[in-house]
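Q: Hey, dropping query.csv in here, CSV, C-alpha atoms:
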```csv
chain,number,residue,atom,x,y,z
T,1,MET,CA,-16.9,2.6,-4.6
T,2,ASN,CA,-14.3,2.6,-7.4
T,3,ILE,CA,-10.6,2.7,-6.9
T,4,ARG,CA,-10.0,3.6,-10.6
T,5,GLU,CA,-11.9,6.8,-10.0
T,6,VAL,CA,-9.5,7.5,-7.1
T,7,ILE,CA,-6.6,7.1,-9.5
T,8,THR,CA,-8.2,9.3,-12.1
T,9,THR,CA,-8.8,12.1,-9.5
T,10,ILE,CA,-5.2,12.0,-8.3
T,11,ASN,CA,-4.0,12.2,-11.9
T,12,GLN,CA,-6.1,15.2,-12.4
T,13,MET,CA,-4.8,16.8,-9.2
T,14,GLN,CA,-1.3,16.3,-10.5
T,15,THR,CA,-2.2,17.8,-13.9
T,16,ASP,CA,-3.8,20.8,-12.0
T,17,GLY,CA,-0.5,21.3,-10.2
T,18,VAL,CA,-1.7,20.6,-6.6
T,19,ILE,CA,0.9,17.9,-6.2
T,20,ASP,CA,4.2,17.3,-8.0
T,21,GLN,CA,4.7,13.5,-8.0
T,22,TYR,CA,2.7,10.7,-6.5
T,23,ALA,CA,2.8,7.0,-6.1
T,24,ILE,CA,0.4,4.4,-4.8
T,25,GLY,CA,1.6,2.4,-1.9
T,26,GLY,CA,0.2,0.2,0.9
T,27,ALA,CA,-2.1,-2.7,0.2
T,28,VAL,CA,-3.4,-1.1,-3.0
T,29,GLY,CA,0.1,-0.7,-4.4
T,30,ALA,CA,0.9,-4.3,-3.4
T,31,THR,CA,-2.1,-5.5,-5.4
T,32,PHE,CA,-0.3,-4.5,-8.6
T,33,TYR,CA,2.2,-7.3,-7.9
T,34,LEU,CA,0.3,-9.8,-5.6
T,35,GLU,CA,-3.1,-11.2,-5.1
T,36,PRO,CA,-5.6,-8.6,-3.7
T,37,VAL,CA,-6.0,-8.4,0.0
T,38,ALA,CA,-8.8,-6.6,1.7
T,39,THR,CA,-7.9,-3.0,2.8
T,40,LEU,CA,-9.9,-0.1,4.0
T,41,ASP,CA,-7.9,2.8,2.7
T,42,VAL,CA,-5.6,3.9,-0.1
T,43,ASP,CA,-2.1,5.2,0.7
T,44,ILE,CA,-0.8,7.8,-1.7
T,45,PHE,CA,2.7,9.1,-1.3
T,46,VAL,CA,3.1,12.7,-2.6
T,47,THR,CA,5.6,15.4,-3.2
T,48,PHE,CA,4.9,19.1,-3.9
T,49,ARG,CA,6.3,21.4,-6.5
T,50,SER,CA,7.0,24.2,-4.0
T,51,ASP,CA,9.7,22.8,-1.8
T,52,PRO,CA,10.1,19.0,-1.8
T,53,GLU,CA,12.7,19.1,0.9
T,54,SER,CA,10.8,21.3,3.3
T,55,SER,CA,9.9,19.7,6.6
T,56,LEU,CA,6.9,22.0,6.9
T,57,VAL,CA,4.4,20.1,4.7
T,58,SER,CA,0.8,21.0,4.6
T,59,LEU,CA,-1.8,18.8,3.0
T,60,GLN,CA,-4.3,21.6,3.1
T,61,PRO,CA,-4.1,22.3,-0.7
T,62,ILE,CA,-5.0,18.6,-1.4
T,63,PHE,CA,-7.8,18.7,1.1
T,64,ASP,CA,-9.2,21.9,-0.4
T,65,TYR,CA,-8.9,20.7,-3.9
T,66,LEU,CA,-10.7,17.4,-3.2
T,67,LYS,CA,-13.4,19.0,-1.0
T,68,ALA,CA,-14.2,21.4,-3.9
T,69,ARG,CA,-14.7,18.3,-6.0
T,70,GLY,CA,-17.1,16.4,-3.7
T,71,GLY,CA,-14.5,14.8,-1.4
T,72,THR,CA,-15.2,14.7,2.3
T,73,VAL,CA,-12.5,15.0,5.0
T,74,GLU,CA,-12.6,12.4,7.7
T,75,GLY,CA,-9.8,12.9,10.2
T,76,GLU,CA,-6.6,12.4,8.3
T,77,TYR,CA,-8.4,10.9,5.3
T,78,VAL,CA,-10.2,12.4,2.3
T,79,VAL,CA,-13.0,10.2,1.0
T,80,VAL,CA,-12.8,10.0,-2.8
T,81,ALA,CA,-15.2,7.7,-4.8
T,82,GLY,CA,-16.1,5.9,-1.6
T,83,TRP,CA,-12.4,5.2,-0.6
T,84,PRO,CA,-10.7,6.9,2.3
T,85,VAL,CA,-7.4,8.2,0.8
T,86,GLN,CA,-4.4,9.1,3.0
T,87,PHE,CA,-1.8,11.4,1.5
T,88,LEU,CA,1.7,10.9,2.9
T,89,PRO,CA,4.6,13.2,2.2
T,90,PRO,CA,7.9,11.3,2.3
T,91,GLY,CA,9.2,11.1,5.9
T,92,THR,CA,12.3,8.9,5.4
T,93,PRO,CA,15.0,8.5,2.8
T,94,LEU,CA,13.5,5.1,1.9
T,95,VAL,CA,10.1,6.7,1.1
T,96,THR,CA,11.8,9.5,-0.8
T,97,GLU,CA,13.8,7.0,-2.9
T,98,ALA,CA,10.7,4.9,-3.4
T,99,LEU,CA,8.7,7.8,-4.7
T,100,GLN,CA,11.5,8.6,-7.2
T,101,ALA,CA,11.8,5.0,-8.4
T,102,ALA,CA,8.0,4.4,-8.7
T,103,VAL,CA,6.8,3.0,-12.0
T,104,GLU,CA,4.0,4.1,-14.3
T,105,THR,CA,1.5,1.5,-15.4
T,106,ASP,CA,-1.8,1.5,-17.3
T,107,VAL,CA,-5.1,0.6,-15.7
T,108,GLU,CA,-7.6,0.3,-18.6
T,109,GLY,CA,-6.3,3.5,-20.2
T,110,ILE,CA,-5.8,5.2,-16.8
T,111,ARG,CA,-2.2,6.1,-15.9
T,112,ALA,CA,-1.2,5.0,-12.5
T,113,ARG,CA,2.1,5.5,-10.7
T,114,VAL,CA,2.9,2.7,-8.3
T,115,LEU,CA,5.8,2.0,-5.9
T,116,THR,CA,8.0,-0.8,-7.1
T,117,ALA,CA,7.6,-4.2,-5.5
T,118,GLU,CA,11.1,-4.0,-3.9
T,119,HIS,CA,10.4,-0.6,-2.3
T,120,LEU,CA,7.0,-1.8,-1.1
T,121,ALA,CA,8.7,-4.8,0.5
T,122,ALA,CA,11.4,-2.7,2.0
T,123,MET,CA,8.9,-0.3,3.4
T,124,ALA,CA,7.0,-3.2,4.9
T,125,LEU,CA,10.2,-4.4,6.5
T,126,GLN,CA,10.9,-0.9,7.9
T,127,THR,CA,7.3,-0.4,9.2
T,128,GLY,CA,7.4,-3.8,10.8
T,129,ARG,CA,3.9,-4.4,12.0
T,130,ALA,CA,2.4,-7.9,11.9
T,131,LYS,CA,0.5,-7.2,8.6
T,132,ASP,CA,3.6,-5.6,7.1
T,133,LYS,CA,5.6,-8.8,7.8
T,134,ALA,CA,2.8,-10.8,6.3
T,135,ARG,CA,2.9,-8.6,3.2
T,136,LEU,CA,6.7,-9.0,2.9
T,137,LEU,CA,6.2,-12.8,3.1
T,138,GLN,CA,3.6,-12.5,0.3
T,139,PHE,CA,6.1,-10.7,-1.9
T,140,ILE,CA,8.8,-13.4,-1.2
T,141,GLU,CA,6.4,-16.4,-1.6
T,142,ALA,CA,5.1,-14.9,-4.9
T,143,GLY,CA,8.6,-14.5,-6.2
T,144,ALA,CA,7.7,-10.9,-6.9
T,145,LEU,CA,11.0,-9.4,-5.8
T,146,ASP,CA,14.2,-8.9,-7.7
T,147,ALA,CA,16.5,-10.1,-5.0
T,148,ALA,CA,19.5,-7.9,-5.9
T,149,ARG,CA,17.4,-4.8,-6.1
T,150,PHE,CA,15.7,-5.5,-2.8
T,151,GLN,CA,19.0,-6.3,-1.0
T,152,ALA,CA,20.5,-3.0,-2.4
T,153,ILE,CA,17.5,-1.0,-1.0
T,154,VAL,CA,17.8,-2.8,2.3
T,155,ALA,CA,21.5,-2.0,2.6
T,156,ARG,CA,21.1,1.6,1.5
T,157,ASN,CA,18.5,2.3,4.0
T,158,GLY,CA,20.0,0.7,7.1
T,159,LEU,CA,17.7,-2.3,7.2
T,160,VAL,CA,20.2,-5.1,7.1
T,161,ASP,CA,19.7,-6.0,10.8
T,162,ALA,CA,15.9,-5.9,10.4
T,163,TRP,CA,16.1,-8.1,7.3
T,164,GLN,CA,18.4,-10.7,9.0
T,165,LYS,CA,16.0,-10.8,11.9
T,166,PHE,CA,13.1,-11.3,9.5
T,167,GLU,CA,15.0,-14.1,7.7
T,168,ARG,CA,15.7,-15.8,11.0
T,169,GLN,CA,12.0,-15.5,12.1
T,170,PHE,CA,10.3,-16.5,9.0
T,171,LEU,CA,12.6,-17.9,6.3
T,172,SER,CA,15.0,-20.1,8.2
T,173,ASP,CA,13.1,-23.3,7.1
T,174,ALA,CA,12.7,-22.1,3.6
T,175,SER,CA,16.3,-22.4,2.6
C,1,MET,CA,-12.6,-37.8,2.3
C,2,SER,CA,-9.1,-37.5,3.6
C,3,PHE,CA,-7.5,-34.6,5.4
C,4,ASP,CA,-4.3,-33.8,3.6
C,5,LEU,CA,-2.9,-30.5,4.9
C,6,GLN,CA,-0.1,-30.4,2.4
C,7,LYS,CA,-2.6,-30.7,-0.4
C,8,ILE,CA,-4.8,-28.0,1.1
C,9,LEU,CA,-1.8,-25.7,1.5
C,10,GLU,CA,-0.7,-26.3,-2.1
C,11,SER,CA,-4.2,-25.7,-3.3
C,12,LYS,CA,-4.3,-22.3,-1.4
C,13,ARG,CA,-0.9,-21.4,-2.9
C,14,ALA,CA,-2.2,-22.2,-6.4
C,15,LEU,CA,-5.3,-20.0,-5.8
C,16,ARG,CA,-3.1,-17.1,-4.6
C,17,ARG,CA,-0.8,-17.5,-7.7
C,18,HIS,CA,-3.9,-17.5,-9.9
C,19,LEU,CA,-5.3,-14.4,-8.3
C,20,ALA,CA,-1.9,-12.6,-8.4
C,21,ALA,CA,-1.7,-13.3,-12.1
C,22,ARG,CA,-5.0,-11.7,-13.0
C,23,PRO,CA,-5.0,-8.4,-14.9
C,24,VAL,CA,-4.5,-5.4,-12.5
C,25,THR,CA,-7.9,-3.9,-13.5
C,26,GLU,CA,-9.6,-7.1,-12.4
C,27,LYS,CA,-7.6,-7.1,-9.1
C,28,LEU,CA,-8.6,-3.5,-8.4
C,29,ARG,CA,-12.2,-4.4,-8.9
C,30,MET,CA,-11.7,-7.2,-6.4
C,31,LEU,CA,-10.3,-4.6,-3.9
C,32,ASP,CA,-13.5,-2.6,-4.3
C,33,ALA,CA,-15.6,-5.7,-3.6
C,34,LEU,CA,-13.4,-6.8,-0.7
C,35,ARG,CA,-13.7,-3.4,0.9
C,36,GLU,CA,-17.5,-3.4,0.6
C,37,ARG,CA,-17.5,-6.9,2.2
C,38,GLU,CA,-15.1,-5.9,5.0
C,39,LEU,CA,-17.3,-2.9,5.8
C,40,ALA,CA,-20.4,-5.0,5.9
C,41,ILE,CA,-18.8,-7.5,8.2
C,42,ARG,CA,-17.5,-4.8,10.5
C,43,GLY,CA,-20.9,-3.2,10.5
C,44,SER,CA,-22.5,-6.4,11.7
C,45,ALA,CA,-19.9,-7.1,14.4
C,46,VAL,CA,-21.5,-8.0,17.8
C,47,HIS,CA,-18.6,-6.7,19.9
C,48,PRO,CA,-18.4,-3.0,20.8
C,49,GLU,CA,-15.6,-1.3,18.9
C,50,ALA,CA,-13.8,-0.3,22.1
C,51,SER,CA,-13.2,-3.9,23.1
C,52,VAL,CA,-11.5,-4.8,19.9
C,53,LEU,CA,-7.7,-4.9,19.9
C,54,HIS,CA,-6.4,-2.7,17.1
C,55,GLU,CA,-3.1,-2.5,15.4
C,56,LYS,CA,-1.6,1.0,15.1
C,57,PRO,CA,-1.6,2.6,11.6
C,58,ALA,CA,1.6,2.7,9.7
C,59,PRO,CA,3.7,5.7,10.8
C,60,TYR,CA,5.9,5.9,7.7
C,61,ARG,CA,7.7,8.4,10.0
C,62,THR,CA,6.1,11.3,8.4
C,63,ARG,CA,7.2,14.7,9.6
C,64,LYS,CA,4.3,16.8,10.8
C,65,ARG,CA,3.7,20.5,10.3
C,66,LYS,CA,4.9,22.5,13.2
C,67,GLY,CA,3.0,25.4,14.9
```
What is this file in structure tokens?

A:
Amino acid sequence: MNIREVITTINQMQTDGVIDQYAIGGAVGATFYLEPVATLDVDIFVTFRSDPESSLVSLQPIFDYLKARGGTVEGEYVVVAGWPVQFLPPGTPLVTEALQAAVETDVEGIRARVLTAEHLAAMALQTGRAKDKARLLQFIEAGALDAARFQAIVARNGLVDAWQKFERQFLSDAS
Amino acid sequence: MSFDLQKILESKRALRRHLAARPVTEKLRMLDALRERELAIRGSAVHPEASVLHEKPAPYRTRKRKG
């Protein structure tokens, strides 16, 4: 079980032209900015060379590529190096923007493209489950967000009401 | 031994800050270990899976392939 092997495999898949761009999101993406939190899967956001705007997105080429290299398909996941990996085409303007703004970083000589802290936080706000709210709080408590960048993303993506509600719920005593 | 909640909370915050500041490679190794531990704990759970209250997976509002 080795998450760096997952990243290496995805880099190779990009080099081989199966995907255009990718970025690590979810709890694994958040780990690049915060303390590690147990997670069972890896969320990889992807775009394709063919038609990035198309609503008819098939993940079959990814599944075929990884199966040919020892990956196993389990429902909507492909298990790579012991980790279930979920590939997610951008389904909202926020995710599209997040993918474009993702940053490249180095993991012991391995290139890794990761969503920015501000986009991960905004996506957590948009998704809005209990654990997403907890993650957003983690980002805030850790001082991992550029406030101006985060607020701009929130405003651009129609999340101002959600943010104000979050602030009332969780941050009213912190001011 | 006194029970000082504020001290405990501050100590937890300090640990989280310390972990967050570790090199990313080390944190990714921790994720590997955490997942193995999580699977081991789930595997030994005494409650049948069906009775466990689950949170729905993140939708990310992904468009699905039609037809």

Q: Excluding Asp32 of chain C and any residue of its chain fewer than 3 positions from it, enumerate the residues within 8 Å of it, using all atoms listed in the file, and give them as a PyMOL selection string.

A: (chain T and resi 1-3) or (chain C and resi 28-29+35-36)

Q: Have a look at atom CA of Asp41 of chain T and atom CA of Pro84 of chain T and let me know their distance in Å, one decimal.

A: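 Computing the Euclidean distance for atom CA of Asp41 of chain T and atom CA of Pro84 of chain T yields 5.0 Å.
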
Q: Select, from T:Ala121, T:Ile7, T:Ala102, T:Val46, the residue with the minimum atom-to-atom distance to Ile153 of chain T, counting only C-alpha atoms.

A: T:Ala121

Q: Output as CSV one row per residue of chain T within 6 Å of chain C: the closest atom pair and its distance in Å to one decimal place, counting all atoms listed in the file, sorted by chain and residue number ascending.

A:
```
residue,atom,partner,partner_atom,distance
T:Phe32,CA,C:Val24,CA,5.8
T:Leu34,CA,C:Ala20,CA,4.5
T:Glu35,CA,C:Ala20,CA,3.8
T:Pro36,CA,C:Lys27,CA,6.0
T:Ala38,CA,C:Leu34,CA,5.2
T:Leu40,CA,C:Arg35,CA,5.9
T:Leu56,CA,C:Arg65,CA,4.9
T:Val57,CA,C:Arg65,CA,5.7
T:Gly91,CA,C:Thr62,CA,4.0
T:Val107,CA,C:Thr25,CA,5.7
```

Q: Using only C-alpha atoms, pick whichever of T:Met123, T:Val103, T:Ala117, T:Val6 has the shortest atom-to-atom distance to Trp83 of chain T.

A: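 Closest candidate: T:Val6.
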
Q: For a quick check of understanding, using only C-alpha atoms, which of T:Tyr33, T:Phe87, T:Tyr22, T:Phe150 has the smallest distance to Ile62 of chain T?

A: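 That would be T:Phe87, the residue with the smallest distance to Ile62 of chain T.
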
Q: Within 9 Å of (9.7, 4.2, -4.6), all atoms listed in the file: residues as a PyMOL selection string?

A: chain T and resi 23+25+94-103+114-120

Q: Between atom CA of Leu66 of chain T and atom CA of Ala124 of chain T, what is the distance, to one decimal in Å?

A: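 Interatomic distance here is 28.3 Å.
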
Q: Could you state the separation of atom CA of Ala142 of chain T and atom CA of Ala162 of chain T in Å, given to one decimal place?

A: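 According to the coordinates, atom CA of Ala142 of chain T and atom CA of Ala162 of chain T are separated by 20.8 Å.
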
Q: Tell me, as a ChimeraX atom specification, which residues lie within 12 Å of segment 67-74 of chain T, counting all atoms listed in the file; anything in the same chain fewer than 3 positions away does not count.

A: /T:6,9-10,12-13,41,59-64,77-87

Q: Show me, as a list in words, the residues that have an atom within 10 Å of Arg135 of chain T when counting all atoms listed in the file, minus same-chain residues fewer than 3 positions from it.

A: Gly26, Ala27, Ala30, Leu34, Val37, Leu120, Ala121, Ala124, Leu125, Arg129, Ala130, Lys131, Asp132, Gln138, Phe139, Ile140 and Glu141 of chain T

Q: Could you take the residues named above and write them with C-alpha atoms, as an mmCIF file, keeping the file's coordinate frame?

A:
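Output (again.cif):
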```
data_model
loop_
_atom_site.group_PDB
_atom_site.id
_atom_site.type_symbol
_atom_site.label_atom_id
_atom_site.label_comp_id
_atom_site.auth_asym_id
_atom_site.auth_seq_id
_atom_site.Cartn_x
_atom_site.Cartn_y
_atom_site.Cartn_z
ATOM 1 C CA GLY T 26 0.200 0.200 0.900
ATOM 2 C CA ALA T 27 -2.100 -2.700 0.200
ATOM 3 C CA ALA T 30 0.900 -4.300 -3.400
ATOM 4 C CA LEU T 34 0.300 -9.800 -5.600
ATOM 5 C CA VAL T 37 -6.000 -8.400 0.000
ATOM 6 C CA LEU T 120 7.000 -1.800 -1.100
ATOM 7 C CA ALA T 121 8.700 -4.800 0.500
ATOM 8 C CA ALA T 124 7.000 -3.200 4.900
ATOM 9 C CA LEU T 125 10.200 -4.400 6.500
ATOM 10 C CA ARG T 129 3.900 -4.400 12.000
ATOM 11 C CA ALA T 130 2.400 -7.900 11.900
ATOM 12 C CA LYS T 131 0.500 -7.200 8.600
ATOM 13 C CA ASP T 132 3.600 -5.600 7.100
ATOM 14 C CA GLN T 138 3.600 -12.500 0.300
ATOM 15 C CA PHE T 139 6.100 -10.700 -1.900
ATOM 16 C CA ILE T 140 8.800 -13.400 -1.200
ATOM 17 C CA GLU T 141 6.400 -16.400 -1.600
#
```
